[in-house]
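File shown: work.tsv. Contents: TSV, C-alpha atoms.
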```
chain	number	residue	atom	x	y	z
F	1	MET	CA	37.29	1.98	-12.35
F	2	GLU	CA	40.52	2.24	-10.42
F	3	ASP	CA	43.50	0.43	-11.96
F	4	SER	CA	44.30	-1.17	-8.60
F	5	VAL	CA	41.04	-3.11	-8.53
F	6	ARG	CA	39.99	-4.49	-11.86
F	7	ILE	CA	37.60	-7.23	-12.83
F	8	ASN	CA	37.23	-8.55	-16.36
F	9	ARG	CA	33.90	-8.69	-18.15
F	10	ARG	CA	33.48	-12.44	-17.74
F	11	ASP	CA	34.01	-12.15	-13.98
F	12	ALA	CA	31.57	-9.24	-13.83
F	13	LEU	CA	28.89	-11.30	-15.55
F	14	ALA	CA	29.58	-14.30	-13.33
F	15	ARG	CA	29.12	-12.06	-10.30
F	16	LEU	CA	25.89	-10.66	-11.73
F	17	VAL	CA	24.54	-14.17	-12.28
F	18	ALA	CA	25.41	-15.06	-8.69
F	19	ILE	CA	23.62	-11.96	-7.40
F	20	THR	CA	20.53	-12.00	-9.60
F	21	GLY	CA	20.26	-15.67	-10.55
F	22	THR	CA	20.03	-14.79	-14.23
F	23	VAL	CA	22.10	-13.63	-17.20
F	24	ALA	CA	22.36	-9.94	-17.99
F	25	ILE	CA	20.52	-8.41	-20.92
F	26	GLY	CA	23.08	-8.00	-23.69
F	27	ALA	CA	25.61	-10.22	-21.93
F	28	GLU	CA	27.36	-11.09	-25.17
F	29	LEU	CA	28.23	-7.43	-25.68
F	30	PHE	CA	29.98	-7.27	-22.31
F	31	LEU	CA	32.10	-10.21	-23.36
F	32	THR	CA	32.95	-8.93	-26.84
F	33	GLY	CA	34.04	-5.40	-25.99
F	34	CYS	CA	30.81	-3.73	-24.89
F	35	ARG	CA	30.22	-1.82	-28.11
F	36	SER	CA	26.86	-2.26	-29.75
F	37	PRO	CA	26.70	-1.59	-33.51
F	38	ASP	CA	23.75	0.67	-32.74
F	39	ALA	CA	25.81	2.72	-30.30
F	40	ALA	CA	27.95	4.26	-33.06
F	41	LYS	CA	24.97	6.44	-34.02
F	42	ARG	CA	24.46	7.78	-30.50
F	43	THR	CA	25.97	11.15	-29.76
F	44	GLU	CA	23.47	12.46	-27.22
F	45	ALA	CA	24.37	12.37	-23.56
F	46	LEU	CA	22.02	12.13	-20.64
F	47	THR	CA	20.98	15.46	-19.20
F	48	PRO	CA	22.21	16.52	-15.74
F	49	ALA	CA	18.68	15.86	-14.44
F	50	GLU	CA	18.70	12.33	-15.88
F	51	LEU	CA	22.13	11.62	-14.39
F	52	ALA	CA	20.95	12.89	-11.00
F	53	LEU	CA	17.91	10.61	-11.27
F	54	LEU	CA	20.11	7.61	-12.11
F	55	ASP	CA	22.28	8.38	-9.09
F	56	GLU	CA	19.26	8.34	-6.80
F	57	ILE	CA	17.81	5.17	-8.37
F	58	ALA	CA	21.13	3.38	-7.90
F	59	GLU	CA	21.49	4.68	-4.34
F	60	THR	CA	18.00	3.40	-3.52
F	61	ILE	CA	18.92	-0.04	-4.84
F	62	ILE	CA	22.27	-0.08	-3.00
F	63	PRO	CA	22.05	2.53	-0.23
F	64	THR	CA	24.80	3.70	2.05
F	65	THR	CA	24.88	1.57	5.22
F	66	ASP	CA	28.07	0.63	7.05
F	67	SER	CA	29.72	0.78	3.62
F	68	PRO	CA	29.35	3.48	0.93
F	69	GLY	CA	26.42	3.12	-1.43
F	70	ALA	CA	26.03	3.25	-5.19
F	71	LYS	CA	26.25	7.03	-5.47
F	72	ALA	CA	29.63	7.12	-3.74
F	73	ALA	CA	30.85	4.43	-6.14
F	74	GLY	CA	29.92	6.55	-9.17
F	75	VAL	CA	27.34	4.06	-10.40
F	76	GLY	CA	25.06	6.64	-12.05
F	77	PRO	CA	27.61	7.72	-14.69
F	78	PHE	CA	28.62	4.06	-15.16
F	79	ILE	CA	25.01	3.15	-15.96
F	80	ALA	CA	24.67	6.02	-18.42
F	81	THR	CA	27.87	5.16	-20.31
F	82	THR	CA	27.32	1.41	-20.34
F	83	ALA	CA	23.73	1.67	-21.51
F	84	ARG	CA	24.76	4.03	-24.31
F	85	ASP	CA	27.68	1.87	-25.46
F	86	CYS	CA	26.36	-1.65	-24.89
F	87	TYR	CA	22.64	-1.81	-25.54
F	88	ASP	CA	20.98	-2.15	-28.91
F	89	ASP	CA	18.42	0.41	-29.99
F	90	ALA	CA	15.44	-1.40	-28.47
F	91	ALA	CA	17.08	-1.82	-25.06
F	92	TYR	CA	18.47	1.72	-25.08
F	93	ALA	CA	15.09	3.20	-25.99
F	94	SER	CA	13.52	1.25	-23.13
F	95	PHE	CA	16.21	2.52	-20.77
F	96	ARG	CA	15.84	6.19	-21.77
F	97	SER	CA	12.05	6.15	-21.72
F	98	GLY	CA	12.17	4.39	-18.36
F	99	LEU	CA	13.71	7.44	-16.70
F	100	ALA	CA	10.66	9.51	-17.58
F	101	LYS	CA	8.35	6.65	-16.57
F	102	ILE	CA	9.89	6.51	-13.10
F	103	ASP	CA	9.28	10.21	-12.57
F	104	ARG	CA	5.69	9.88	-13.85
F	105	ALA	CA	5.09	6.93	-11.52
F	106	SER	CA	6.56	8.89	-8.63
F	107	ARG	CA	4.34	11.90	-9.33
F	108	LYS	CA	1.30	9.63	-9.50
F	109	ARG	CA	2.14	8.08	-6.12
F	110	THR	CA	3.42	11.05	-4.14
F	111	GLY	CA	2.91	14.17	-6.24
F	112	LYS	CA	6.70	14.57	-6.34
F	113	LEU	CA	9.57	13.72	-8.65
F	114	PHE	CA	11.63	10.69	-7.64
F	115	VAL	CA	14.57	12.80	-6.47
F	116	GLU	CA	12.20	14.87	-4.30
F	117	SER	CA	10.69	11.80	-2.64
F	118	SER	CA	11.65	10.39	0.74
F	119	PRO	CA	13.84	7.27	0.96
F	120	SER	CA	10.85	5.15	1.96
F	121	GLU	CA	8.77	6.50	-0.95
F	122	ARG	CA	11.61	5.75	-3.37
F	123	THR	CA	12.05	2.24	-2.03
F	124	SER	CA	8.32	1.52	-2.23
F	125	LEU	CA	8.19	2.66	-5.85
F	126	LEU	CA	11.24	0.66	-6.94
F	127	GLU	CA	9.95	-2.44	-5.19
F	128	ALA	CA	6.72	-2.10	-7.19
F	129	LEU	CA	8.71	-1.65	-10.41
F	130	ASP	CA	10.81	-4.69	-9.57
F	131	ARG	CA	7.68	-6.82	-9.22
F	132	GLU	CA	6.44	-5.37	-12.51
F	133	GLN	CA	9.68	-6.17	-14.35
F	134	ARG	CA	9.72	-9.74	-13.01
F	135	THR	CA	6.23	-10.37	-14.35
F	136	TYR	CA	7.08	-8.68	-17.65
F	137	THR	CA	10.34	-10.62	-18.05
F	138	GLN	CA	8.63	-13.96	-17.43
F	139	LYS	CA	6.18	-13.25	-20.26
F	140	ARG	CA	8.61	-11.40	-22.54
F	141	GLN	CA	9.00	-12.64	-26.10
F	142	ASP	CA	12.32	-12.51	-27.96
F	143	ASP	CA	11.33	-9.45	-29.98
F	144	ASP	CA	10.01	-7.52	-26.97
F	145	PRO	CA	12.34	-4.87	-25.49
F	146	PRO	CA	13.63	-5.57	-21.99
F	147	HIS	CA	11.95	-3.81	-19.09
F	148	TYR	CA	13.69	-0.57	-18.26
F	149	PHE	CA	13.93	-1.23	-14.53
F	150	ARG	CA	15.57	-4.60	-15.11
F	151	LEU	CA	18.27	-2.83	-17.14
F	152	MET	CA	18.81	-0.21	-14.45
F	153	LYS	CA	18.95	-2.78	-11.68
F	154	GLU	CA	21.43	-5.00	-13.57
F	155	LEU	CA	23.75	-2.12	-14.34
F	156	THR	CA	23.56	-0.87	-10.76
F	157	LEU	CA	24.74	-4.27	-9.51
F	158	VAL	CA	27.47	-4.63	-12.13
F	159	GLY	CA	28.65	-1.05	-11.62
F	160	TYR	CA	28.76	-1.28	-7.86
F	161	PHE	CA	30.35	-4.70	-7.47
F	162	THR	CA	33.04	-3.95	-10.04
F	163	SER	CA	33.92	-0.56	-8.50
F	164	GLU	CA	36.73	-0.05	-6.02
F	165	ILE	CA	34.24	0.72	-3.27
F	166	GLY	CA	32.15	-2.36	-4.04
F	167	CYS	CA	35.18	-4.65	-4.14
F	168	THR	CA	36.97	-3.31	-1.08
F	169	ARG	CA	34.23	-1.96	1.19
F	170	ALA	CA	31.10	-4.03	0.45
F	171	LEU	CA	33.13	-7.19	-0.18
F	172	ARG	CA	36.31	-8.27	1.62
F	173	TYR	CA	39.21	-7.52	-0.69
F	174	VAL	CA	42.14	-9.91	-0.86
F	175	GLU	CA	45.16	-8.43	-2.65
F	176	SER	CA	46.68	-10.66	-5.31
F	177	PRO	CA	49.15	-12.26	-5.24
F	178	GLY	CA	48.47	-13.28	-1.67
F	179	SER	CA	48.82	-16.25	0.60
F	180	TYR	CA	46.40	-19.14	0.43
F	181	ASP	CA	44.34	-19.92	3.49
F	182	GLY	CA	42.24	-23.03	3.03
F	183	ASN	CA	40.61	-22.77	6.44
F	184	VAL	CA	39.08	-19.31	6.66
F	185	VAL	CA	36.76	-18.96	9.64
F	186	TYR	CA	33.32	-17.87	8.51
F	187	HIS	CA	30.69	-16.31	10.74
F	188	LYS	CA	27.11	-15.94	9.58
F	189	GLY	CA	26.64	-12.50	8.07
F	190	ASP	CA	30.29	-12.03	7.08
F	191	ARG	CA	30.86	-10.26	3.78
F	192	SER	CA	31.94	-12.33	0.80
F	193	PHE	CA	35.52	-12.08	-0.42
F	194	TYR	CA	36.63	-10.35	-3.59
F	195	ASN	CA	39.91	-11.37	-5.20
F	196	PRO	CA	40.90	-9.93	-8.60
F	197	ALA	CA	42.60	-13.20	-9.58
F	198	ARG	CA	39.96	-15.60	-8.37
F	199	ARG	CA	36.48	-15.39	-6.92
F	200	ILE	CA	36.14	-16.66	-3.36
F	201	ASN	CA	32.55	-16.61	-2.21
F	202	VAL	CA	31.95	-17.50	1.41
F	203	GLY	CA	28.31	-17.64	2.45
```
Translate this structure into structure tokens?
Amino acid sequence: MEDSVRINRRDALARLVAITGTVAIGAELFLTGCRSPDAAKRTEALTPAELALLDEIAETIIPTTDSPGAKAAGVGPFIATTARDCYDDAAYASFRSGLAKIDRASRKRTGKLFVESSPSERTSLLEALDREQRTYTQKRQDDDPPHYFRLMKELTLVGYFTSEIGCTRALRYVESPGSYDGNVVYHKGDRSFYNPARRINVG
């Protein structure tokens, strides 16, 4: 993350709650330094193919439109590092196995790997996985691992909306310190504001 646009962990989680309506898996680790005791044992890195897959998953969740998407914001590497450092063994195992499951599901649907699929095929698959994770999460017991797609989706949102691109291009960035305007004109569809000192959400 660029030094010029920083957001602390508590603000990142507050933003995630606002976006998803729920608390992130492993939220307490984000607040306490984002270092799981289990992570100390992990030395393996994701393969180039896995990183490329993460990039395309994130880009499908937050695609490039009139502002750069998740890939341009470097969300794939962010997901890989955060999952490795923040999740306990059960969550991390779910995350890693989920990458292979997405490719298997893609092959079953289209006969192609996820990265070889068209944007519409990718979107259709991830929408199905999102419905699956919602059902799973509603029924999930405390000792059940989190659904892998929920983890990927959460980290995509956190990674993007705490990146420089997310803060300044997807949101409207207000440099701090700055002047106070208590009567900002809002038009339906305007982007929300991002301020590193305080959150100003309009609409």
Worksheet entry | Selected residue, from F:His147, F:Arg169, F:Glu44, F:Arg122, that lies nearest to Thr65 of chain F when counting only C-alpha atoms |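 Closest to Thr65 of chain F of all the choices is F:Arg169.
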Worksheet item: So how far away is atom CA of Thr162 of chain F from atom CA of Ser97 of chain F, in Å?
Response: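 Here the two named atoms are 26.1 Å from each other.
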Discussion item. Would you compute the distance between atom CA of Ser94 of chain F and atom CA of Gln133 of chain F? Give it in Å to one decimal.
Written reply: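 We find that atom CA of Ser94 of chain F and atom CA of Gln133 of chain F lie 12.1 Å from each other.
Computed from the coordinates, the atom CA of Phe161 of chain F to atom CA of Ser106 of chain F distance equals 27.4 Å.
Between Asp142 of chain F and the candidates F:Leu129, F:Ala90, F:Ala105, F:Leu155, the tightest atom-to-atom separation, counting all atoms listed in the file, involves F:Ala90.
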Fill in: Nearest to Gly98 of chain F, chosen from F:Thr168, F:Ile57, F:Lys139, F:Lys41, with all atoms listed in the file counted in the distances
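Looking only at the distances to Gly98 of chain F, the closest residue turns out to be F:Ile57.
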Segment 132-148 of chain F: axis-aligned bounding box, 3 Å on each side, centre and edge lengths in Å, one decimal, as AutoDock Vina command-line options:
```
--center_x 9.9 --center_y -7.3 --center_z -21.2 --size_x 13.5 --size_y 19.4 --size_z 23.5
```
Worksheet entry | Among the residues F:Glu116, F:Asp103, F:Glu56, F:Glu50, the one that comes closest to Ala80 of chain F [using all atoms listed in the file] |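 Of F:Glu116, F:Asp103, F:Glu56, F:Glu50, the one nearest Ala80 of chain F, counting all atoms listed in the file, is F:Glu50.
Counting all atoms listed in the file, the residue from F:Pro146, F:Gly159, F:Gly189, F:Gly111 that sits nearest to Thr81 of chain F is F:Gly159.
Among the candidate residues F:Ile102, F:Thr123, F:Glu59, F:Asp88, the one lying nearest to Arg42 of chain F is F:Asp88, with distances computed using only C-alpha atoms.
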Worksheet item: Counting all atoms listed in the file, what is within 12 Å of Glu127 of chain F, bar same-chain residues fewer than 3 positions away, as a list in words?
Response: Ile57, Thr60, Ile61, Ile102, Ser120, Glu121, Arg122, Thr123, Ser124, Asp130, Arg131, Glu132, Gln133, Arg134, Phe149, Arg150 and Lys153 of chain F
Item to complete: Would you mind listing what lies within 12 Å of Ala52 of chain F as a ChimeraX atom specification, with only C-alpha atoms counted and same-chain residues fewer than 5 positions away left out?
Response: /F:46-47,57-59,71,74-77,79-80,99,113-116
Item to complete: Give as a PyMOL selection string the set of residues within 12 Å of the point (32.3, 1.1, -5.2), where distances use the file's coordinates and all atoms listed in the file.
Response: chain F and resi 1-2+5-6+58-59+62-64+67-76+78+156-171+173
Please produce segment 63-86 of chain F, completed to N, CA and C atoms, as a tab-separated table (two decimals), keeping the file's coordinate frame.
```tsv
chain	number	residue	atom	x	y	z
F	63	PRO	N	21.86	1.32	-1.04
F	63	PRO	CA	22.05	2.53	-0.23
F	63	PRO	C	23.30	2.48	0.63
F	64	THR	N	23.70	3.62	1.10
F	64	THR	CA	24.80	3.70	2.05
F	64	THR	C	24.35	3.10	3.38
F	65	THR	N	25.14	2.17	3.90
F	65	THR	CA	24.88	1.57	5.22
F	65	THR	C	26.18	1.71	6.02
F	66	ASP	N	26.76	0.56	6.42
F	66	ASP	CA	28.07	0.63	7.05
F	66	ASP	C	29.18	0.68	6.01
F	67	SER	N	28.79	0.58	4.74
F	67	SER	CA	29.72	0.78	3.62
F	67	SER	C	29.09	1.76	2.65
F	68	PRO	N	29.90	2.49	1.86
F	68	PRO	CA	29.35	3.48	0.93
F	68	PRO	C	28.39	2.84	-0.07
F	69	GLY	N	27.41	3.61	-0.49
F	69	GLY	CA	26.42	3.12	-1.43
F	69	GLY	C	26.79	3.38	-2.88
F	70	ALA	N	25.80	3.18	-3.75
F	70	ALA	CA	26.03	3.25	-5.19
F	70	ALA	C	26.45	4.65	-5.66
F	71	LYS	N	25.90	5.67	-5.04
F	71	LYS	CA	26.25	7.03	-5.47
F	71	LYS	C	27.73	7.31	-5.22
F	72	ALA	N	28.22	6.91	-4.06
F	72	ALA	CA	29.63	7.12	-3.74
F	72	ALA	C	30.55	6.36	-4.70
F	73	ALA	N	30.06	5.24	-5.21
F	73	ALA	CA	30.85	4.43	-6.14
F	73	ALA	C	30.78	4.94	-7.58
F	74	GLY	N	30.02	6.00	-7.82
F	74	GLY	CA	29.92	6.55	-9.17
F	74	GLY	C	29.10	5.69	-10.11
F	75	VAL	N	28.09	5.00	-9.58
F	75	VAL	CA	27.34	4.06	-10.40
F	75	VAL	C	26.46	4.76	-11.43
F	76	GLY	N	25.92	5.94	-11.10
F	76	GLY	CA	25.06	6.64	-12.05
F	76	GLY	C	25.73	6.89	-13.40
F	77	PRO	N	26.91	7.53	-13.42
F	77	PRO	CA	27.61	7.72	-14.69
F	77	PRO	C	27.99	6.40	-15.38
F	78	PHE	N	28.32	5.38	-14.59
F	78	PHE	CA	28.62	4.06	-15.16
F	78	PHE	C	27.41	3.52	-15.91
F	79	ILE	N	26.23	3.63	-15.31
F	79	ILE	CA	25.01	3.15	-15.96
F	79	ILE	C	24.79	3.89	-17.27
F	80	ALA	N	24.92	5.21	-17.22
F	80	ALA	CA	24.67	6.02	-18.42
F	80	ALA	C	25.59	5.63	-19.56
F	81	THR	N	26.89	5.49	-19.27
F	81	THR	CA	27.87	5.16	-20.31
F	81	THR	C	27.68	3.75	-20.83
F	82	THR	N	27.45	2.80	-19.93
F	82	THR	CA	27.32	1.41	-20.34
F	82	THR	C	26.06	1.19	-21.16
F	83	ALA	N	24.96	1.81	-20.74
F	83	ALA	CA	23.73	1.67	-21.51
F	83	ALA	C	23.90	2.25	-22.92
F	84	ARG	N	24.55	3.40	-23.00
F	84	ARG	CA	24.76	4.03	-24.31
F	84	ARG	C	25.64	3.18	-25.21
F	85	ASP	N	26.69	2.58	-24.65
F	85	ASP	CA	27.68	1.87	-25.46
F	85	ASP	C	27.36	0.40	-25.70
F	86	CYS	N	26.53	-0.20	-24.83
F	86	CYS	CA	26.36	-1.65	-24.89
F	86	CYS	C	25.00	-2.12	-25.39
```
